[in-house]
>>> print(open('run.pdb').read())   # PDB, C-alpha atoms
ATOM      1  CA  MET M 286      -4.709  27.541 -16.842
ATOM      2  CA  THR M 287      -5.635  26.902 -13.226
ATOM      3  CA  LEU M 288      -5.036  23.974 -10.892
ATOM      4  CA  GLU M 289      -8.806  23.597 -10.616
ATOM      5  CA  GLN M 290      -9.052  23.110 -14.381
ATOM      6  CA  ILE M 291      -6.317  20.472 -14.224
ATOM      7  CA  ARG M 292      -8.016  18.728 -11.300
ATOM      8  CA  ILE M 293     -11.296  18.626 -13.246
ATOM      9  CA  PHE M 294      -9.566  17.408 -16.415
ATOM     10  CA  LEU M 295      -7.933  14.486 -14.555
ATOM     11  CA  ALA M 296     -11.201  13.436 -12.930
ATOM     12  CA  VAL M 297     -13.031  13.428 -16.253
ATOM     13  CA  ALA M 298     -10.116  11.633 -17.945
ATOM     14  CA  GLU M 299     -10.059   8.893 -15.300
ATOM     15  CA  LEU M 300     -13.832   8.336 -15.307
ATOM     16  CA  CYS M 301     -14.626   9.229 -18.947
ATOM     17  CA  HIS M 302     -17.886  10.610 -17.620
ATOM     18  CA  VAL M 303     -18.757  14.229 -16.799
ATOM     19  CA  THR M 304     -21.537  13.482 -14.301
ATOM     20  CA  ARG M 305     -19.499  10.963 -12.312
ATOM     21  CA  ALA M 306     -16.533  13.348 -12.310
ATOM     22  CA  ALA M 307     -18.775  16.124 -11.010
ATOM     23  CA  ASP M 308     -20.034  13.856  -8.219
ATOM     24  CA  ARG M 309     -16.477  12.932  -7.213
ATOM     25  CA  LEU M 310     -15.376  16.578  -7.153
ATOM     26  CA  GLY M 311     -18.496  17.927  -5.460
ATOM     27  CA  LEU M 312     -19.275  20.205  -8.406
ATOM     28  CA  THR M 313     -22.204  20.633 -10.757
ATOM     29  CA  GLN M 314     -22.145  18.959 -14.149
ATOM     30  CA  SER M 315     -22.290  22.340 -15.852
ATOM     31  CA  ALA M 316     -19.255  23.597 -13.903
ATOM     32  CA  VAL M 317     -17.231  20.575 -14.980
ATOM     33  CA  SER M 318     -18.284  20.915 -18.621
ATOM     34  CA  ALA M 319     -17.483  24.632 -18.575
ATOM     35  CA  ALA M 320     -14.006  24.038 -17.145
ATOM     36  CA  ILE M 321     -13.164  21.519 -19.867
ATOM     37  CA  SER M 322     -14.573  23.734 -22.618
ATOM     38  CA  THR M 323     -12.607  26.753 -21.334
ATOM     39  CA  LEU M 324      -9.386  24.739 -21.252
ATOM     40  CA  GLU M 325      -9.923  23.522 -24.807
ATOM     41  CA  ARG M 326     -10.716  27.039 -26.069
ATOM     42  CA  GLN M 327      -7.745  28.611 -24.283
ATOM     43  CA  TYR M 328      -5.266  26.351 -26.056
ATOM     44  CA  ASP M 329      -7.228  25.539 -29.201
ATOM     45  CA  VAL M 330      -6.984  21.798 -28.565
ATOM     46  CA  ARG M 331      -9.589  19.081 -28.261
ATOM     47  CA  LEU M 332      -9.091  16.927 -25.169
ATOM     48  CA  PHE M 333     -12.204  14.738 -25.451
ATOM     49  CA  ASP M 334     -14.376  13.416 -28.235
ATOM     50  CA  ARG M 335     -18.095  13.350 -27.538
ATOM     51  CA  VAL M 336     -19.321   9.920 -28.666
ATOM     52  CA  GLY M 337     -23.054   9.481 -28.253
ATOM     53  CA  ARG M 338     -23.843  10.187 -24.598
ATOM     54  CA  GLY M 339     -20.302   9.457 -23.491
ATOM     55  CA  ILE M 340     -16.838  10.955 -23.935
ATOM     56  CA  VAL M 341     -13.422   9.479 -24.757
ATOM     57  CA  LEU M 342      -9.950  10.963 -24.584
ATOM     58  CA  THR M 343      -8.400  12.214 -27.804
ATOM     59  CA  GLU M 344      -4.731  11.554 -28.527
ATOM     60  CA  GLU M 345      -3.994  15.087 -27.274
ATOM     61  CA  GLY M 346      -5.916  14.336 -24.093
ATOM     62  CA  ARG M 347      -3.914  11.167 -23.463
ATOM     63  CA  VAL M 348      -0.658  13.106 -23.887
ATOM     64  CA  MET M 349      -1.928  15.746 -21.448
ATOM     65  CA  ILE M 350      -2.546  13.233 -18.630
ATOM     66  CA  GLY M 351       1.137  12.769 -17.733
ATOM     67  CA  ALA M 352       1.847  16.501 -17.521
ATOM     68  CA  ALA M 353      -1.367  17.098 -15.570
ATOM     69  CA  ARG M 354      -0.537  14.455 -12.982
ATOM     70  CA  ALA M 355       3.005  15.790 -12.590
ATOM     71  CA  LEU M 356       1.618  19.299 -12.052
ATOM     72  CA  MET M 357      -0.834  18.113  -9.383
ATOM     73  CA  ASN M 358       1.956  16.204  -7.626
ATOM     74  CA  GLU M 359       4.048  19.390  -7.518
ATOM     75  CA  ALA M 360       1.073  21.342  -6.195
ATOM     76  CA  GLU M 361       0.563  18.725  -3.483
ATOM     77  CA  THR M 362       4.241  18.982  -2.523
ATOM     78  CA  ALA M 363       3.870  22.769  -2.239
ATOM     79  CA  ARG M 364       0.771  22.353  -0.059
ATOM     80  CA  LEU M 365       2.589  19.922   2.233
ATOM     81  CA  THR M 366       5.544  22.314   2.492
ATOM     82  CA  LEU M 367       3.265  25.119   3.673
ATOM     83  CA  MET M 368       1.504  22.850   6.161
ATOM     84  CA  ASP M 369       4.896  21.774   7.467
ATOM     85  CA  LEU M 370       5.697  25.341   8.490
ATOM     86  CA  ALA M 371       3.445  24.812  11.501
ATOM     87  CA  ARG M 372       5.271  23.765  14.674
ATOM     88  CA  GLU M 373       3.291  20.601  15.228
ATOM     89  CA  THR M 374       4.054  17.442  13.267
ATOM     90  CA  ARG M 375       0.978  17.225  11.113
ATOM     91  CA  GLY M 376      -0.134  17.064   7.502
ATOM     92  CA  GLN M 377       0.210  14.089   5.203
ATOM     93  CA  LEU M 378       2.814  11.373   4.750
ATOM     94  CA  ARG M 379       2.538   9.459   1.475
ATOM     95  CA  ILE M 380       4.391   6.145   1.451
ATOM     96  CA  ALA M 381       4.937   3.706  -1.404
ATOM     97  CA  ALA M 382       6.312   0.282  -0.532
ATOM     98  CA  SER M 383       7.027  -3.033  -2.156
ATOM     99  CA  GLN M 384       4.720  -5.856  -1.178
ATOM    100  CA  THR M 385       6.790  -7.736   1.414
ATOM    101  CA  ILE M 386       7.685  -4.531   3.237
ATOM    102  CA  ALA M 387       4.144  -3.144   3.065
ATOM    103  CA  SER M 388       2.582  -6.357   4.337
ATOM    104  CA  TYR M 389       5.063  -7.686   6.885
ATOM    105  CA  TRP M 390       7.488  -4.989   8.036
ATOM    106  CA  LEU M 391       5.954  -1.504   7.874
ATOM    107  CA  PRO M 392       2.541  -1.951   9.568
ATOM    108  CA  ARG M 393       3.801  -1.929  13.171
ATOM    109  CA  TYR M 394       5.782   1.247  12.488
ATOM    110  CA  LEU M 395       2.779   2.894  10.864
ATOM    111  CA  ALA M 396       0.664   2.073  13.912
ATOM    112  CA  ARG M 397       3.315   3.528  16.209
ATOM    113  CA  MET M 398       3.570   6.648  14.024
ATOM    114  CA  HIS M 399      -0.176   7.158  14.348
ATOM    115  CA  ASP M 400       0.030   6.851  18.134
ATOM    116  CA  LEU M 401       2.870   9.379  18.346
ATOM    117  CA  HIS M 402       1.570  11.830  15.730
ATOM    118  CA  PRO M 403      -2.204  11.411  15.365
ATOM    119  CA  ARG M 404      -2.547  14.562  13.228
ATOM    120  CA  VAL M 405      -0.448  13.060  10.445
ATOM    121  CA  ASP M 406      -2.589  11.544   7.699
ATOM    122  CA  LEU M 407      -0.770   8.354   6.665
ATOM    123  CA  THR M 408      -1.339   6.735   3.283
ATOM    124  CA  LEU M 409       0.370   3.557   2.073
ATOM    125  CA  ARG M 410       0.460   2.498  -1.560
ATOM    126  CA  GLN M 411       1.598  -1.045  -2.264
ATOM    127  CA  GLY M 412       3.285  -2.170  -5.471
ATOM    128  CA  ASN M 413       6.541  -3.784  -6.451
ATOM    129  CA  THR M 414      10.039  -2.338  -6.064
ATOM    130  CA  GLU M 415      10.034  -0.569  -9.429
ATOM    131  CA  GLU M 416       6.636   1.013  -8.786
ATOM    132  CA  ALA M 417       7.653   2.291  -5.336
ATOM    133  CA  ALA M 418      10.812   3.888  -6.718
ATOM    134  CA  ARG M 419       8.862   5.480  -9.579
ATOM    135  CA  ALA M 420       6.360   7.004  -7.129
ATOM    136  CA  VAL M 421       9.175   8.777  -5.267
ATOM    137  CA  LEU M 422      10.772   9.975  -8.504
ATOM    138  CA  GLU M 423       7.462  11.362  -9.773
ATOM    139  CA  GLY M 424       6.570  13.001  -6.447
ATOM    140  CA  SER M 425       3.420  11.000  -5.716
ATOM    141  CA  ALA M 426       5.125   9.500  -2.628
ATOM    142  CA  ASP M 427       7.265  11.219   0.013
ATOM    143  CA  LEU M 428       9.110   8.028   0.983
ATOM    144  CA  GLY M 429       9.562   4.711  -0.775
ATOM    145  CA  PHE M 430      10.487   1.395   0.799
ATOM    146  CA  VAL M 431      12.006  -1.288  -1.411
ATOM    147  CA  GLU M 432      13.802  -4.621  -1.257
ATOM    148  CA  GLY M 433      17.282  -5.124  -2.640
ATOM    149  CA  ASP M 434      19.264  -3.079  -5.118
ATOM    150  CA  LEU M 435      17.900  -0.581  -7.618
ATOM    151  CA  PRO M 436      19.279   0.584 -10.955
ATOM    152  CA  PRO M 437      21.327   3.792 -10.641
ATOM    153  CA  SER M 438      19.163   6.842  -9.984
ATOM    154  CA  ASP M 439      19.264  10.225  -8.256
ATOM    155  CA  LEU M 440      17.201   8.986  -5.318
ATOM    156  CA  ARG M 441      18.688   8.908  -1.840
ATOM    157  CA  GLN M 442      18.870   5.367  -0.440
ATOM    158  CA  ARG M 443      19.406   4.165   3.110
ATOM    159  CA  VAL M 444      19.459   0.604   4.455
ATOM    160  CA  LEU M 445      17.040   0.085   7.354
ATOM    161  CA  ALA M 446      16.806  -3.694   7.787
ATOM    162  CA  ARG M 447      17.807  -6.980   6.187
ATOM    163  CA  ASP M 448      15.900  -9.968   4.894
ATOM    164  CA  GLU M 449      16.578 -13.420   3.461
ATOM    165  CA  LEU M 450      14.745 -15.665   1.019
ATOM    166  CA  VAL M 451      13.898 -19.235   1.972
ATOM    167  CA  LEU M 452      12.911 -22.156  -0.217
ATOM    168  CA  VAL M 453       9.242 -23.071   0.277
ATOM    169  CA  LEU M 454       8.000 -26.585  -0.541
ATOM    170  CA  PRO M 455       5.054 -28.765   0.412
ATOM    171  CA  ARG M 456       5.981 -30.571   3.636
ATOM    172  CA  ASP M 457       5.568 -33.973   1.978
ATOM    173  CA  HIS M 458       7.682 -33.129  -1.096
ATOM    174  CA  PRO M 459      10.498 -35.662  -1.740
ATOM    175  CA  LEU M 460      13.124 -32.897  -1.535
ATOM    176  CA  ALA M 461      11.733 -31.259   1.619
ATOM    177  CA  ARG M 462      14.254 -33.037   3.879
ATOM    178  CA  LYS M 463      17.250 -33.222   1.590
ATOM    179  CA  PRO M 464      20.174 -31.485   3.368
ATOM    180  CA  ARG M 465      21.376 -29.518   0.333
ATOM    181  CA  LEU M 466      19.685 -29.002  -3.000
ATOM    182  CA  THR M 467      21.727 -29.041  -6.190
ATOM    183  CA  ALA M 468      21.279 -27.295  -9.520
ATOM    184  CA  ALA M 469      19.851 -30.568 -10.834
ATOM    185  CA  ASP M 470      17.273 -30.548  -8.008
ATOM    186  CA  TYR M 471      16.287 -27.013  -8.995
ATOM    187  CA  ARG M 472      15.786 -28.103 -12.599
ATOM    188  CA  GLY M 473      13.506 -30.898 -11.425
ATOM    189  CA  LEU M 474      11.195 -28.669  -9.397
ATOM    190  CA  ARG M 475       8.022 -26.984 -10.653
ATOM    191  CA  TRP M 476       8.475 -23.305  -9.800
ATOM    192  CA  LEU M 477       6.170 -20.434  -8.908
ATOM    193  CA  MET M 478       7.740 -16.983  -9.247
ATOM    194  CA  ARG M 479       6.860 -13.422  -8.344
ATOM    195  CA  GLU M 480       6.361 -10.951 -11.181
ATOM    196  CA  LYS M 481       9.241  -9.141 -12.872
ATOM    197  CA  GLY M 482      10.040  -5.869 -11.108
ATOM    198  CA  SER M 483       9.540  -7.326  -7.624
ATOM    199  CA  GLY M 484      12.465  -7.360  -5.191
ATOM    200  CA  THR M 485      11.864 -11.044  -4.464
ATOM    201  CA  ARG M 486      12.193 -11.939  -8.153
ATOM    202  CA  THR M 487      15.405  -9.915  -8.505
ATOM    203  CA  VAL M 488      17.084 -11.610  -5.534
ATOM    204  CA  MET M 489      15.961 -15.056  -6.698
ATOM    205  CA  GLU M 490      17.427 -14.445 -10.170
ATOM    206  CA  ALA M 491      20.753 -13.379  -8.611
ATOM    207  CA  HIS M 492      20.768 -16.560  -6.501
ATOM    208  CA  LEU M 493      20.121 -18.705  -9.589
ATOM    209  CA  ALA M 494      22.985 -16.986 -11.421
ATOM    210  CA  ALA M 495      25.319 -17.823  -8.519
ATOM    211  CA  MET M 496      24.349 -21.480  -9.008
ATOM    212  CA  GLY M 497      25.051 -21.282 -12.725
ATOM    213  CA  LEU M 498      21.341 -21.286 -13.582
ATOM    214  CA  ALA M 499      19.012 -18.968 -15.451
ATOM    215  CA  GLU M 500      15.248 -18.662 -15.202
ATOM    216  CA  THR M 501      14.979 -20.489 -18.528
ATOM    217  CA  ASP M 502      16.624 -23.548 -16.936
ATOM    218  CA  LEU M 503      13.689 -23.938 -14.549
ATOM    219  CA  ASP M 504      10.210 -25.337 -15.043
ATOM    220  CA  VAL M 505       8.301 -22.120 -14.215
ATOM    221  CA  ILE M 506       4.616 -22.941 -14.283
ATOM    222  CA  LEU M 507       3.205 -19.621 -13.034
ATOM    223  CA  GLU M 508       4.105 -16.034 -12.206
ATOM    224  CA  LEU M 509       1.929 -14.678  -9.404
ATOM    225  CA  PRO M 510       1.635 -11.097  -8.093
ATOM    226  CA  SER M 511       1.681 -11.729  -4.326
ATOM    227  CA  ASN M 512       3.339 -13.815  -1.632
ATOM    228  CA  GLU M 513      -0.057 -15.026  -0.411
ATOM    229  CA  ALA M 514      -1.032 -16.308  -3.847
ATOM    230  CA  ILE M 515       2.208 -18.279  -4.104
ATOM    231  CA  LEU M 516       1.845 -19.764  -0.608
ATOM    232  CA  ASN M 517      -1.709 -20.882  -1.333
ATOM    233  CA  ALA M 518      -0.669 -22.404  -4.662
ATOM    234  CA  ILE M 519       2.179 -24.343  -3.031
ATOM    235  CA  SER M 520      -0.195 -25.665  -0.374
ATOM    236  CA  ALA M 521      -2.548 -26.908  -3.075
ATOM    237  CA  GLY M 522       0.062 -28.644  -5.245
ATOM    238  CA  SER M 523       3.651 -29.811  -5.518
ATOM    239  CA  SER M 524       5.394 -26.613  -6.597
ATOM    240  CA  ALA M 525       8.218 -24.638  -4.988
ATOM    241  CA  SER M 526       9.207 -21.003  -4.672
ATOM    242  CA  MET M 527      11.559 -18.626  -2.899
ATOM    243  CA  LEU M 528       9.973 -16.065  -0.595
ATOM    244  CA  SER M 529      10.926 -13.721   2.208
ATOM    245  CA  TRP M 530      11.230 -15.508   5.551
ATOM    246  CA  ARG M 531       9.353 -12.541   7.056
ATOM    247  CA  ALA M 532       6.403 -13.248   4.763
ATOM    248  CA  VAL M 533       6.421 -16.995   5.330
ATOM    249  CA  ARG M 534       6.803 -16.960   9.111
ATOM    250  CA  GLN M 535       3.744 -14.709   9.478
ATOM    251  CA  SER M 536       1.623 -16.779   7.134
ATOM    252  CA  ARG M 537      -1.078 -19.015   8.520
ATOM    253  CA  THR M 538      -0.688 -21.393   5.605
ATOM    254  CA  SER M 539       0.089 -24.868   6.967
ATOM    255  CA  GLY M 540       1.642 -27.938   5.386
ATOM    256  CA  LEU M 541       4.744 -26.116   4.120
ATOM    257  CA  ALA M 542       8.414 -26.942   4.559
ATOM    258  CA  LEU M 543      10.808 -23.987   4.837
ATOM    259  CA  ARG M 544      14.443 -24.446   3.891
ATOM    260  CA  ARG M 545      17.244 -21.972   4.405
ATOM    261  CA  ILE M 546      19.345 -22.007   1.268
ATOM    262  CA  GLY M 547      22.901 -23.175   1.772
ATOM    263  CA  TRP M 548      24.437 -21.926  -1.454
ATOM    264  CA  ALA M 549      26.889 -19.039  -1.040
ATOM    265  CA  PRO M 550      26.204 -16.225  -1.465
ATOM    266  CA  ARG M 551      22.869 -16.791   0.224
ATOM    267  CA  PRO M 552      19.839 -14.939  -1.186
ATOM    268  CA  ARG M 553      19.835 -11.991   1.193
ATOM    269  CA  ARG M 554      18.691  -8.453   0.555
ATOM    270  CA  ASP M 555      18.398  -5.057   2.173
ATOM    271  CA  PHE M 556      15.246  -3.132   3.001
ATOM    272  CA  ARG M 557      15.904   0.439   1.839
ATOM    273  CA  VAL M 558      14.118   3.739   2.222
ATOM    274  CA  LEU M 559      14.107   6.061  -0.779
ATOM    275  CA  SER M 560      13.674   9.834  -0.806
ATOM    276  CA  HIS M 561      14.043  12.518  -3.447
ATOM    277  CA  PRO M 562      17.062  14.812  -2.899
ATOM    278  CA  ASP M 563      15.358  17.842  -4.453
ATOM    279  CA  ARG M 564      12.037  17.681  -2.644
ATOM    280  CA  HIS M 565      11.259  19.225   0.727
ATOM    281  CA  ARG M 566      11.354  16.690   3.575
ATOM    282  CA  THR M 567       8.325  17.327   5.747
ATOM    283  CA  ARG M 568       8.284  17.098   9.533
ATOM    284  CA  ALA M 569       6.088  14.028   9.177
ATOM    285  CA  ALA M 570       8.620  12.257   6.945
ATOM    286  CA  ALA M 571      11.489  13.194   9.260
ATOM    287  CA  ALA M 572       9.555  11.947  12.297
ATOM    288  CA  PHE M 573       8.806   8.632  10.603
ATOM    289  CA  LEU M 574      12.458   8.125   9.617
ATOM    290  CA  ASP M 575      13.508   8.875  13.207
ATOM    291  CA  LEU M 576      11.012   6.284  14.443
ATOM    292  CA  LEU M 577      12.387   3.659  12.045
ATOM    293  CA  SER M 578      15.970   4.409  13.042
ATOM    294  CA  ALA M 579      15.086   3.966  16.712
ATOM    295  CA  GLY M 580      13.680   0.515  15.922
TER     296      GLY M 580
END
>>> encode(input="run.pdb", output="structure tokens")
Amino acid sequence: MTLEQIRIFLAVAELCHVTRAADRLGLTQSAVSAAISTLERQYDVRLFDRVGRGIVLTEEGRVMIGAARALMNEAETARLTLMDLARETRGQLRIAASQTIASYWLPRYLARMHDLHPRVDLTLRQGNTEEAARAVLEGSADLGFVEGDLPPSDLRQRVLARDELVLVLPRDHPLARKPRLTAADYRGLRWLMREKGSGTRTVMEAHLAAMGLAETDLDVILELPSNEAILNAISAGSSASMLSWRAVRQSRTSGLALRRIGWAPRPRRDFRVLSHPDRHRTRAAAAFLDLLSAG
């Protein structure tokens, strides 16, 4: 088995089309077909079923995808390690970050990193907190940036900055000027919430618990996958939500009232960087962490 065979297998598996996979890889259709056929013959396993003019993954092929991706991630880590042996800070830095951090905190640091180290190829993948942590664990990201606490894991964690959630309401909402909202006020609001797995959702749930409330006590009308979607929905209706003050202050959405939440403990959270203790830390990753530490 070769890495080239694995690379070809993944492309065909993702596209379910030999010709399109060949175009993506810059190979001929016959070369792609031959690589798949050789792999199947070598291990006496069928990875694809030929259905009419198309192909679909077999059960064995679906099982193979996870191992193939892990292998390519390890190969990429090895390639980056060799590139890092050069004296100049260069190569690739793969970052996975939760949405608030990716949208409102990291960009200025990424721009500065590019100015200082233009030969570093920066890539940023945005997801929620769980997805960013998983990317570091699996090796598809060199560094992960997340909000709040994570379940116990072997990942290294370091606090870099702090954030706080604020209550967001339409400016003309009857509760927008009330000095302190009660649990009864919360029950009377129509709520928009971020998706499960997001750092914002986790901190909001902890805040509700401190007030003696659970999510089921609230009138949750929608779960939305981004801060921008929630802000736009609030502007168009009479709902409320809790969002990062960093996200809200940079939004151009008007007609909103922002309330700092007076309940103790207040809904605050840490911005953390995650790294894998067993993976080589490249010069690019070290340079970026130094830049963040310097502020």
>>> residues_around(input="run.pdb", residues="stretch 358-364 of chain M", least_positions_apart="6", cutoff="12 Å", atoms="only C-alpha atoms", output="ChimeraX atom specification")
/M:287-289,291-292,351-352,370,376-379,420-427,561,563-567
>>> residues_around(input="run.pdb", residues="M:Met527", least_positions_apart="6", cutoff="6 Å", atoms="all atoms listed in the file", output="VMD selection string")
chain M and resid 450 to 453
>>> closest_residue(input="run.pdb", among="M:Phe333, M:Trp548, M:Asp502, M:Ala353", to="M:Arg472", atoms="all atoms listed in the file")
M:Asp502
>>> closest_residue(input="run.pdb", among="M:Ser560, M:Ser578, M:Gln327, M:Ser315", to="M:Ala381", atoms="all atoms listed in the file")
M:Ser560
>>> closest_residue(input="run.pdb", among="M:Arg419, M:Arg545, M:His458, M:Arg531", to="M:Asp439", atoms="only C-alpha atoms")
M:Arg419
>>> residues_around(input="run.pdb", residues="M:Trp476", least_positions_apart="2", cutoff="8 Å", atoms="all atoms listed in the file", output="MDAnalysis selection string")
chainID M and resid 474 478 503:507 524:526
>>> closest_residue(input="run.pdb", among="M:Val330, M:Ile386, M:Leu391, M:Leu445", to="M:Ser483", atoms="only C-alpha atoms")
M:Ile386
>>> atom_distance(input="run.pdb", atom1="atom CA of M:Val431", atom2="atom CA of M:Trp390")
11.1 Å
>>> resolve_selection(input="run.pdb", expression="the PyMOL selection byres ((chain M and resi 399) around 12)", output="list in words")
Thr374, Arg375, Gln377, Leu378, Pro392, Arg393, Tyr394, Leu395, Ala396, Arg397, Met398, Asp400, Leu401, His402, Pro403, Arg404, Val405, Asp406, Leu407, Thr408, Ala569, Ala572, Phe573 and Leu576 of chain M
>>> write_last_selection(input="run.pdb", atoms="C-alpha atoms", output="JSON list (two decimals), in the coordinates of the input")
[["chain", "number", "residue", "atom", "x", "y", "z"],
["M", 374, "THR", "CA", 4.05, 17.44, 13.27],
["M", 375, "ARG", "CA", 0.98, 17.23, 11.11],
["M", 377, "GLN", "CA", 0.21, 14.09, 5.20],
["M", 378, "LEU", "CA", 2.81, 11.37, 4.75],
["M", 392, "PRO", "CA", 2.54, -1.95, 9.57],
["M", 393, "ARG", "CA", 3.80, -1.93, 13.17],
["M", 394, "TYR", "CA", 5.78, 1.25, 12.49],
["M", 395, "LEU", "CA", 2.78, 2.89, 10.86],
["M", 396, "ALA", "CA", 0.66, 2.07, 13.91],
["M", 397, "ARG", "CA", 3.32, 3.53, 16.21],
["M", 398, "MET", "CA", 3.57, 6.65, 14.02],
["M", 400, "ASP", "CA", 0.03, 6.85, 18.13],
["M", 401, "LEU", "CA", 2.87, 9.38, 18.35],
["M", 402, "HIS", "CA", 1.57, 11.83, 15.73],
["M", 403, "PRO", "CA", -2.20, 11.41, 15.36],
["M", 404, "ARG", "CA", -2.55, 14.56, 13.23],
["M", 405, "VAL", "CA", -0.45, 13.06, 10.44],
["M", 406, "ASP", "CA", -2.59, 11.54, 7.70],
["M", 407, "LEU", "CA", -0.77, 8.35, 6.66],
["M", 408, "THR", "CA", -1.34, 6.74, 3.28],
["M", 569, "ALA", "CA", 6.09, 14.03, 9.18],
["M", 572, "ALA", "CA", 9.56, 11.95, 12.30],
["M", 573, "PHE", "CA", 8.81, 8.63, 10.60],
["M", 576, "LEU", "CA", 11.01, 6.28, 14.44]]
>>> resolve_selection(input="run.pdb", expression="the PyMOL selection byres ((chain M and resi 508) around 7)", output="PyMOL selection string")
chain M and resi 477-480+507+509-510
>>> atom_distance(input="run.pdb", atom1="atom CA of M:Tyr389", atom2="atom CA of M:Gly522")
24.7 Å
>>> residues_around(input="run.pdb", residues="M:Arg462", least_positions_apart="2", cutoff="12 Å", atoms="all atoms listed in the file", output="tab-separated table (two decimals) with C-alpha atoms, in the frame of the given file")
chain	number	residue	atom	x	y	z
M	452	LEU	CA	12.91	-22.16	-0.22
M	453	VAL	CA	9.24	-23.07	0.28
M	454	LEU	CA	8.00	-26.58	-0.54
M	455	PRO	CA	5.05	-28.76	0.41
M	456	ARG	CA	5.98	-30.57	3.64
M	457	ASP	CA	5.57	-33.97	1.98
M	458	HIS	CA	7.68	-33.13	-1.10
M	459	PRO	CA	10.50	-35.66	-1.74
M	460	LEU	CA	13.12	-32.90	-1.54
M	464	PRO	CA	20.17	-31.48	3.37
M	465	ARG	CA	21.38	-29.52	0.33
M	466	LEU	CA	19.68	-29.00	-3.00
M	541	LEU	CA	4.74	-26.12	4.12
M	542	ALA	CA	8.41	-26.94	4.56
M	543	LEU	CA	10.81	-23.99	4.84
M	544	ARG	CA	14.44	-24.45	3.89
M	545	ARG	CA	17.24	-21.97	4.40
>>> atom_distance(input="run.pdb", atom1="atom CA of M:Ser388", atom2="atom CA of M:Leu493")
25.6 Å
>>> resolve_selection(input="run.pdb", expression="the PyMOL selection byres ((chain M and resi 491) around 12)", output="short mmCIF file (atom, residue, chain, number, x, y, z; two decimals) with C-alpha atoms, in the frame of the given file")
data_model
loop_
_atom_site.label_atom_id
_atom_site.label_comp_id
_atom_site.auth_asym_id
_atom_site.auth_seq_id
_atom_site.Cartn_x
_atom_site.Cartn_y
_atom_site.Cartn_z
CA GLY M 433 17.28 -5.12 -2.64
CA ASP M 434 19.26 -3.08 -5.12
CA LEU M 450 14.74 -15.66 1.02
CA GLY M 484 12.46 -7.36 -5.19
CA THR M 485 11.86 -11.04 -4.46
CA ARG M 486 12.19 -11.94 -8.15
CA THR M 487 15.40 -9.91 -8.51
CA VAL M 488 17.08 -11.61 -5.53
CA MET M 489 15.96 -15.06 -6.70
CA GLU M 490 17.43 -14.44 -10.17
CA HIS M 492 20.77 -16.56 -6.50
CA LEU M 493 20.12 -18.70 -9.59
CA ALA M 494 22.98 -16.99 -11.42
CA ALA M 495 25.32 -17.82 -8.52
CA MET M 496 24.35 -21.48 -9.01
CA GLY M 497 25.05 -21.28 -12.72
CA LEU M 498 21.34 -21.29 -13.58
CA ALA M 499 19.01 -18.97 -15.45
CA GLU M 500 15.25 -18.66 -15.20
CA TRP M 548 24.44 -21.93 -1.45
CA ALA M 549 26.89 -19.04 -1.04
CA PRO M 550 26.20 -16.23 -1.46
CA ARG M 551 22.87 -16.79 0.22
CA PRO M 552 19.84 -14.94 -1.19
CA ARG M 553 19.84 -11.99 1.19
CA ARG M 554 18.69 -8.45 0.56
#
>>> closest_residue(input="run.pdb", among="M:Tyr471, M:Arg309, M:Pro562, M:Ala570", to="M:Thr366", atoms="all atoms listed in the file")
M:Ala570
